[in-house]
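Data first, discussion second: the structure below is written as structure tokens.
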Amino acid sequence: MYEQIASNKRKTFLLIFGAIVLLGAVGYVLGLFYASGVIGLVGAVALALVLSLVSFFSGDRIVLASTRAKEVTPQEQPRLHNIVEGLSIAAGIPEPRVYLVPEQAPNAFATGRNPEHSSIAVTQGLLDTMNRVELEGVIGHELSHVVDRDILVGTIVATLIGAVVLISEFFMRSWWWGGFRGRRGGDGGGGGAEAIVFAFGLVLLVLAPIIGSIVQLAVSRQREYLADAQGAMLTRYPPGLASALRKISASSGIPMRSANNATAHLWLSQPSRIQGEGMGPLEKLFSTHPPIEERIRRLEEM
Amino acid sequence: MPLWLWIVVILVALLLLGAVLIYNRLVALRARVNNGWSQIDVQLRRRYDLIPNLVTTVQGYASHEREVFENVTQARTRAIDANAVPDQADAENQVTRGLRQLMAVAENYPELKANENFLALQEELTGTESKIAFARQFYNDQVMRLNTLIGSFPSNVIANTFGFQTREFFDIEDPVRAPSEVEFPG
């Protein structure tokens, strides 16, 4: 398991590096259109640095605020705190802070930058519907995200990919409305090479957000399986989480008001906003989580 | 410098590096084992602190079950005095059995089971017992890793040179972890 954590740290680094390269490329292309590629590149990397730092130090607070989570004390929620503390001991990390989200759909997420600065949030619905063993399964899964530092990847990557999407969209819109007059007026005699760069750049700008999200989502799905397995190692009782997932799956009709696309990948199970939502092949490619039935099957095989 | 000397120097450097890495790993594992043990200790102490409260609360409703109260109180005193790891495990098993008896007695008194103070104590006990189990799990995991490292080649050479010693597993009965057993409501 410790070897897995080390490999996770490397993947984390690669993923963040990849996101920064993508953002830099987008910035470079954008710069080509307006002023110079180098300025765009430098600007984008600077933006990436600022965004990463912001999400490193306060991403957890932003996420918690956006879900309207409230911190709870051991006196208010003794059972929840006892479970979190117990499993933290089993994982060998300090106890994360515990938050309650006022939502009826049963769900949970973890956030923070490292095990020393981490938080776990569960919804009211989760507390109401789960028994102790199931709660342990869910908390074990979330704590594994904390141990693996998935929480850091989750916050930083979400911020970086968000920036790529934002810049590309901004560009597409301004191009749509204004064109790049400055550039076209400046040197009218651009050759074929320039046209190719333009075309290539356009393709990159269109594809960048999509590539970014697909990679992020694939990694996110893989990490869910890993967290399921490690969570079961903590509780030593895989059926607990399996049973919790079954209950969550059964109540997928309950919509979550505070969930949105930016935080979807953080939750234990993908939040649903539309009733009776089915998953087609395209939705599978773009979903942050593996199908619940598959997760239950893997847990039952342990 | 001749080639063979270079080779010797490089080999020695590699060996030293390996030794340093193994040594650091041993130190880290030993620290984790110690940390695991102190976690167990913290949780066991918490349970000792709970017992008098629990006994007093149950006594208020079931004063004639004197034997049960004495059993658990004696087991507690013995556990607090225990020193070595196996002694401690033995004494803790007594405490667990005493507490199980006490809770079984409580089952017979509906007013007691409705008492808010008792319910809070019950959650504390369940929580503490599962924390003892989790702390034990962490401790035993780390002990296993340390003992394996001390026992296997080539790390045993380093371990023997610097006097690293294998540690004992902490084996106690599982009070609440097996879901087939009585699950406290909560």
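Scheme for the structure tokens: letters A, B, ... for chains in order shown; per-chain residue numbers from 1; ligand numbers from 1 in order shown.
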
In range 41-147 of chain A, what's helix (DSSP H, G or I) per DSSP? Answer as a PyMOL selection string?
chain A and resi 41-66+78-91+124-129+132-147

What are the residues of chain B that have an atom within 12 Å of an atom of chain A, counting only C-alpha atoms, as a compact mmCIF listing (two decimals) with N, CA and C atoms, in the first residue's frame?
# COMPACT_ATOMS: atom_id res chain seq x y z
N LEU B 29 9.97 2.62 10.49
CA LEU B 29 9.02 1.59 10.91
C LEU B 29 8.96 1.50 12.43
N ALA B 31 9.49 3.85 14.52
CA ALA B 31 8.72 5.01 15.00
C ALA B 31 7.23 4.76 14.81
N ARG B 32 6.85 4.16 13.68
CA ARG B 32 5.44 3.89 13.43
C ARG B 32 4.88 2.88 14.42
N VAL B 33 5.69 1.86 14.74
CA VAL B 33 5.24 0.86 15.73
C VAL B 33 5.02 1.54 17.07
N ASN B 34 5.97 2.39 17.47
CA ASN B 34 5.82 3.09 18.76
C ASN B 34 4.60 3.98 18.76
N ASN B 35 4.40 4.68 17.65
CA ASN B 35 3.25 5.55 17.52
C ASN B 35 1.96 4.73 17.61
N GLY B 36 1.97 3.57 16.94
CA GLY B 36 0.80 2.69 16.97
C GLY B 36 0.50 2.23 18.39
N TRP B 37 1.55 1.90 19.12
CA TRP B 37 1.34 1.44 20.49
C TRP B 37 0.77 2.55 21.36
N SER B 38 1.27 3.77 21.18
CA SER B 38 0.76 4.85 22.03
C SER B 38 -0.69 5.16 21.67
N GLN B 39 -1.07 4.95 20.40
CA GLN B 39 -2.48 5.12 20.03
C GLN B 39 -3.36 4.11 20.76
N ILE B 40 -2.89 2.85 20.79
CA ILE B 40 -3.64 1.83 21.52
C ILE B 40 -3.80 2.25 22.97
N VAL B 42 -3.74 5.22 24.32
CA VAL B 42 -4.69 6.33 24.48
C VAL B 42 -6.12 5.80 24.52
N GLN B 43 -6.43 4.90 23.56
CA GLN B 43 -7.80 4.39 23.47
C GLN B 43 -8.14 3.50 24.66
N LEU B 119 -27.27 6.26 26.78
CA LEU B 119 -27.11 6.16 25.33
C LEU B 119 -25.82 6.82 24.87
N ALA B 120 -25.52 7.99 25.47
CA ALA B 120 -24.29 8.69 25.12
C ALA B 120 -23.07 7.85 25.50
N LEU B 121 -23.14 7.26 26.73
CA LEU B 121 -22.03 6.41 27.18
C LEU B 121 -21.87 5.20 26.27
N GLN B 122 -23.02 4.67 25.83
CA GLN B 122 -22.98 3.49 24.96
C GLN B 122 -22.29 3.82 23.64
N GLU B 123 -22.61 4.99 23.07
CA GLU B 123 -21.95 5.40 21.82
C GLU B 123 -20.45 5.60 22.07
N GLU B 124 -20.11 6.21 23.21
CA GLU B 124 -18.70 6.40 23.55
C GLU B 124 -17.98 5.06 23.62
N LEU B 125 -18.66 4.09 24.25
CA LEU B 125 -18.04 2.77 24.42
C LEU B 125 -17.86 2.09 23.06
N THR B 126 -18.92 2.11 22.25
CA THR B 126 -18.81 1.50 20.91
C THR B 126 -17.69 2.16 20.12
N GLY B 127 -17.68 3.50 20.14
CA GLY B 127 -16.65 4.24 19.41
C GLY B 127 -15.26 3.89 19.91
N THR B 128 -15.10 3.87 21.24
CA THR B 128 -13.79 3.60 21.82
C THR B 128 -13.34 2.18 21.49
N GLU B 129 -14.28 1.23 21.58
CA GLU B 129 -13.89 -0.15 21.30
C GLU B 129 -13.48 -0.31 19.84
N SER B 130 -14.18 0.38 18.93
CA SER B 130 -13.76 0.23 17.53
C SER B 130 -12.43 0.95 17.32
N LYS B 131 -12.19 2.03 18.07
CA LYS B 131 -10.89 2.70 17.95
C LYS B 131 -9.77 1.81 18.47
N ILE B 132 -10.05 1.08 19.57
CA ILE B 132 -9.05 0.13 20.07
C ILE B 132 -8.73 -0.88 18.97
N ALA B 133 -9.80 -1.37 18.33
CA ALA B 133 -9.59 -2.37 17.28
C ALA B 133 -8.80 -1.78 16.11
N PHE B 134 -9.12 -0.54 15.71
CA PHE B 134 -8.40 0.08 14.60
C PHE B 134 -6.95 0.36 14.97
N ALA B 135 -6.73 0.81 16.21
CA ALA B 135 -5.38 1.09 16.64
C ALA B 135 -4.56 -0.19 16.66
N ARG B 136 -5.20 -1.27 17.11
CA ARG B 136 -4.52 -2.57 17.14
C ARG B 136 -4.17 -3.00 15.71
N GLN B 137 -5.13 -2.78 14.80
CA GLN B 137 -4.91 -3.14 13.40
C GLN B 137 -3.68 -2.41 12.84
N PHE B 138 -3.62 -1.10 13.10
CA PHE B 138 -2.48 -0.32 12.61
C PHE B 138 -1.19 -0.81 13.24
N TYR B 139 -1.21 -1.00 14.56
CA TYR B 139 -0.03 -1.45 15.29
C TYR B 139 0.47 -2.78 14.74
N ASN B 140 -0.45 -3.76 14.63
CA ASN B 140 -0.04 -5.08 14.17
C ASN B 140 0.49 -5.05 12.73
N ASP B 141 -0.13 -4.22 11.89
CA ASP B 141 0.37 -4.08 10.51
C ASP B 141 1.82 -3.62 10.52
N GLN B 142 2.08 -2.59 11.34
CA GLN B 142 3.44 -2.03 11.36
C GLN B 142 4.43 -3.02 11.98
N ARG B 145 5.41 -5.48 9.40
CA ARG B 145 6.37 -4.94 8.44
C ARG B 145 7.76 -4.87 9.05
N VAL B 176 -16.25 -5.35 18.90
CA VAL B 176 -17.40 -4.88 18.14
C VAL B 176 -17.25 -5.01 16.64
N ARG B 177 -16.09 -5.38 16.18
CA ARG B 177 -15.86 -5.29 14.73
C ARG B 177 -16.68 -6.28 13.92
N ALA B 178 -16.83 -7.52 14.45
CA ALA B 178 -17.56 -8.51 13.67
C ALA B 178 -19.03 -8.13 13.63
N PRO B 179 -19.58 -7.86 12.45
CA PRO B 179 -20.94 -7.36 12.35
C PRO B 179 -21.99 -8.39 12.77
N SER B 180 -21.59 -9.67 12.84
CA SER B 180 -22.57 -10.68 13.23
C SER B 180 -22.95 -10.52 14.70
N GLU B 183 -25.16 -5.47 17.46
CA GLU B 183 -24.80 -4.12 17.05
C GLU B 183 -25.55 -3.15 17.93
N PHE B 184 -24.78 -2.28 18.59
CA PHE B 184 -25.43 -1.29 19.44
C PHE B 184 -26.22 -0.33 18.58
N PRO B 185 -27.43 -0.01 18.97
CA PRO B 185 -28.19 0.96 18.16
C PRO B 185 -27.53 2.31 18.25
N GLY B 186 -27.68 3.09 17.26
CA GLY B 186 -27.06 4.41 17.34
C GLY B 186 -27.02 4.94 15.97

Counting only C-alpha atoms, what is within 8 Å of range 78-88 of chain B, bar same-chain residues fewer than 3 positions away, as number ranges by chain?
B: 48, 74-75, 91-92, 95, 168-171

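Taking CA of Ala227 in chain A and CA of His145 in chain A as the two end points, the separation is 6.0 Å.
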